[in-house]
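Visitor: I have a structure here, written as structure tokens, and I will follow up with some questions on it.
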Amino acid sequence: MVEVSTLGALAALIVAISLILKKVPPAYGMIIGALVGGIVGGVSLTDTVNLMIGGAQGIVTAVLRILAAGVLAGVLIESGAATTIAETIVKKVGETRALLALAVATMILTAVGVFVDVAVITVAPIALAIAHRADLSKMAILLAMVGGGKAGNVMSPNPNAIAAADAFNVPLTSVMAAGVIPGLCGMVFAYFIAKKLVNRGSKVQQHEVVTVDHSRLPTFGAAIVAPLVAIALLALRPIAGLNVDPLIALPLGGLIGAVVMGRFRDSNHFAVSGLTRMAPVAVMLLGTGTLAGIIANSGLKSGLIDVLTASGLPSYLLAPISGALMSLATASTTAGTAVAASVFSHTILELGVPALAGAAMIHAGATVLDHMPHGSFFHATGGAVHMDMQERLKLIPYESAVGLMIAIVSTLIFGVFGLFV
């Protein structure tokens, strides 16, 4: 097997990041980065293309499951179920604990299968209204939502969890369950930081408050059916030994939810909407696969292991560190998890780390730096609360601290103490 030099792998990452920063679509940025990296790394053009194709092929099963998950996401978002779930949680927790309510609402929305940026956008109108009434800063409400979103993301059937589960060949429900304790710790940590920021930065103005049309929103009982059915079907594997693949469980949950809400006639509309949301992620992951193909066959992997060995740090730290580095490179939890898992999974397993532990720690590590400005999450979440670029940049250290908390707790559970594996 041909090997790309460490310089080539670094060149691939630098070119990909530079192109994404210049607003080149992430898939193209990573494909071009992979191509440049292979050539700079001393591999022929033919072998470079073969490595890229091999990397993309390794991600195809995850892509299929992610496309199927679009049905559930479409039902939750387009039917108004996500809005109903968010509003109900905020009402139950109460506006006196507004920041906690926003964090919990975003966490649960993300945990049941809504993309983290979409979850923030869904909760944002509620957050803006509360913030205006309670005189809370935009930084406080956005950090509460982002923290809740990161927390929910590590315990969800979202594309990042699917990518980690596929790479390590472990059940999706196991990866989701592995994120529950780290996610809850991250959410609580985000809440306490957000409380410190209530008077920092700009406040919400009256014209920024948006009223939500409640005329066609489903009841909470009907709204929650789709994610509950999907998660129950996935849980049949560990509970009853019956393996219902996410390819079946996620869309079936969505369709049953549509029936219960009396919106089955709109199922095709929901599916089209969900596919429209998932397609860019699927395409990005194929681009991610080409980059992973170059890095996986480069000296960068062994270089990272050598650095860990020389430092005397335990080998299991390769999992969260690789997740964090790849999320920094791609500014995406999904892409970061996919690259790190596909590149380092075999090495992590060879180092004696259990499969579930490796998947959980990479997944948690990918939340540390997934909010960088060259990714869509940074801009989508800032836009949701009408925050300007300078103020949005000031939030990055706090977001990183929340992601670091999630990664540290996951590493303590699965690396230091080796529990639940």
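So you can find residues: chains in the structure tokens are A, B, ... in the order shown, residues in each start at 1, and ligands are numbered from 1 in order.
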Near A:Ala167, within 8 Å and counting only C-alpha atoms, which residues show up once chain neighbours fewer than 5 positions away are dropped, as a list in words?
Guide: Ala338, Ala341, Ser342, Ser345 and Ala359 of chain A
Visitor: Neighbours of A:Asn243 within 9 Å (only C-alpha atoms; same-chain residues fewer than 6 positions away dropped), as a ChimeraX atom specification?
Guide: /A:171,233-237
Visitor: So that I can see what lies close to A:Ser137, please list as a PyMOL selection string the residues with an atom at most 8 Å from it, counting only C-alpha atoms and leaving out residues fewer than 2 positions away in the same chain.
Guide: chain A and resi 131+135+139-141+197-204
Visitor: Using the selection just defined, write its residues with C-alpha atoms as an mmCIF file, in the first residue's frame.
Guide:
```cif
data_model
loop_
_atom_site.group_PDB
_atom_site.id
_atom_site.type_symbol
_atom_site.label_atom_id
_atom_site.label_comp_id
_atom_site.auth_asym_id
_atom_site.auth_seq_id
_atom_site.Cartn_x
_atom_site.Cartn_y
_atom_site.Cartn_z
ATOM 1 C CA ALA A 131 -34.558 37.340 26.342
ATOM 2 C CA ASP A 135 -33.413 41.477 29.613
ATOM 3 C CA MET A 139 -24.510 35.809 24.160
ATOM 4 C CA ALA A 140 -26.221 34.162 27.135
ATOM 5 C CA ILE A 141 -29.176 32.733 25.208
ATOM 6 C CA LEU A 197 -23.015 36.187 30.458
ATOM 7 C CA VAL A 198 -26.522 37.608 30.965
ATOM 8 C CA ASN A 199 -25.217 41.183 30.929
ATOM 9 C CA ARG A 200 -22.391 40.680 28.416
ATOM 10 C CA GLY A 201 -22.826 41.938 24.864
ATOM 11 C CA SER A 202 -25.899 43.183 23.023
ATOM 12 C CA LYS A 203 -29.519 42.765 24.124
ATOM 13 C CA VAL A 204 -32.522 41.668 22.038
#
```
Visitor: Which polymer residues have any atom within 7 Å of an atom of stretch 394-401 of chain A, counting only C-alpha atoms, with same-chain residues fewer than 5 positions away left out, as an MDAnalysis selection string?
Guide: chainID A and resid 139 143 147 368:369
Visitor: Store the residues of this selection in a file with C-alpha atoms, as a CSV table (one decimal), in the first residue's frame.
Guide:
```
chain,number,residue,atom,x,y,z
A,139,MET,CA,-24.5,35.8,24.2
A,143,LEU,CA,-24.5,29.8,24.6
A,147,GLY,CA,-24.4,24.1,24.8
A,368,VAL,CA,-14.7,20.7,21.1
A,369,LEU,CA,-13.9,22.7,18.0
```
Visitor: Report as a VMD selection string all protein, DNA and RNA residues lying within 7 Å of stretch 377-392 of chain A, evaluated on only C-alpha atoms, omitting residues in the same chain fewer than 2 positions from it.
Guide: chain A and resid 117 120 to 121 124 128 138 371 to 373 375 394 to 395
Visitor: Out of stretch 137-380 of chain A, which residues get helix (DSSP H, G or I) from DSSP, as an NGL selection string?
Guide: :A and (138-153 or 159-168 or 172-178 or 180-196 or 206-208 or 220-223 or 225-240 or 246-260 or 264-296 or 299-311 or 315-330 or 333-350 or 355-365 or 376-380)
Visitor: What are the nearest atom pairs, with distances in Å to one decimal, for all residues of stretch 110-215 of chain A that come at most 9 Å from stretch 407-410 of chain A, using only C-alpha atoms, set out by chain and rising residue number as CSV?
Guide:
```
residue,atom,partner,partner_atom,distance
A:Ala178,CA,A:Ser410,CA,7.9
A:Gly179,CA,A:Ser410,CA,7.4
A:Ile181,CA,A:Val409,CA,7.8
A:Pro182,CA,A:Val409,CA,5.2
A:Gly183,CA,A:Val409,CA,8.7
A:Cys185,CA,A:Val409,CA,7.5
A:Gly186,CA,A:Val409,CA,8.6
```
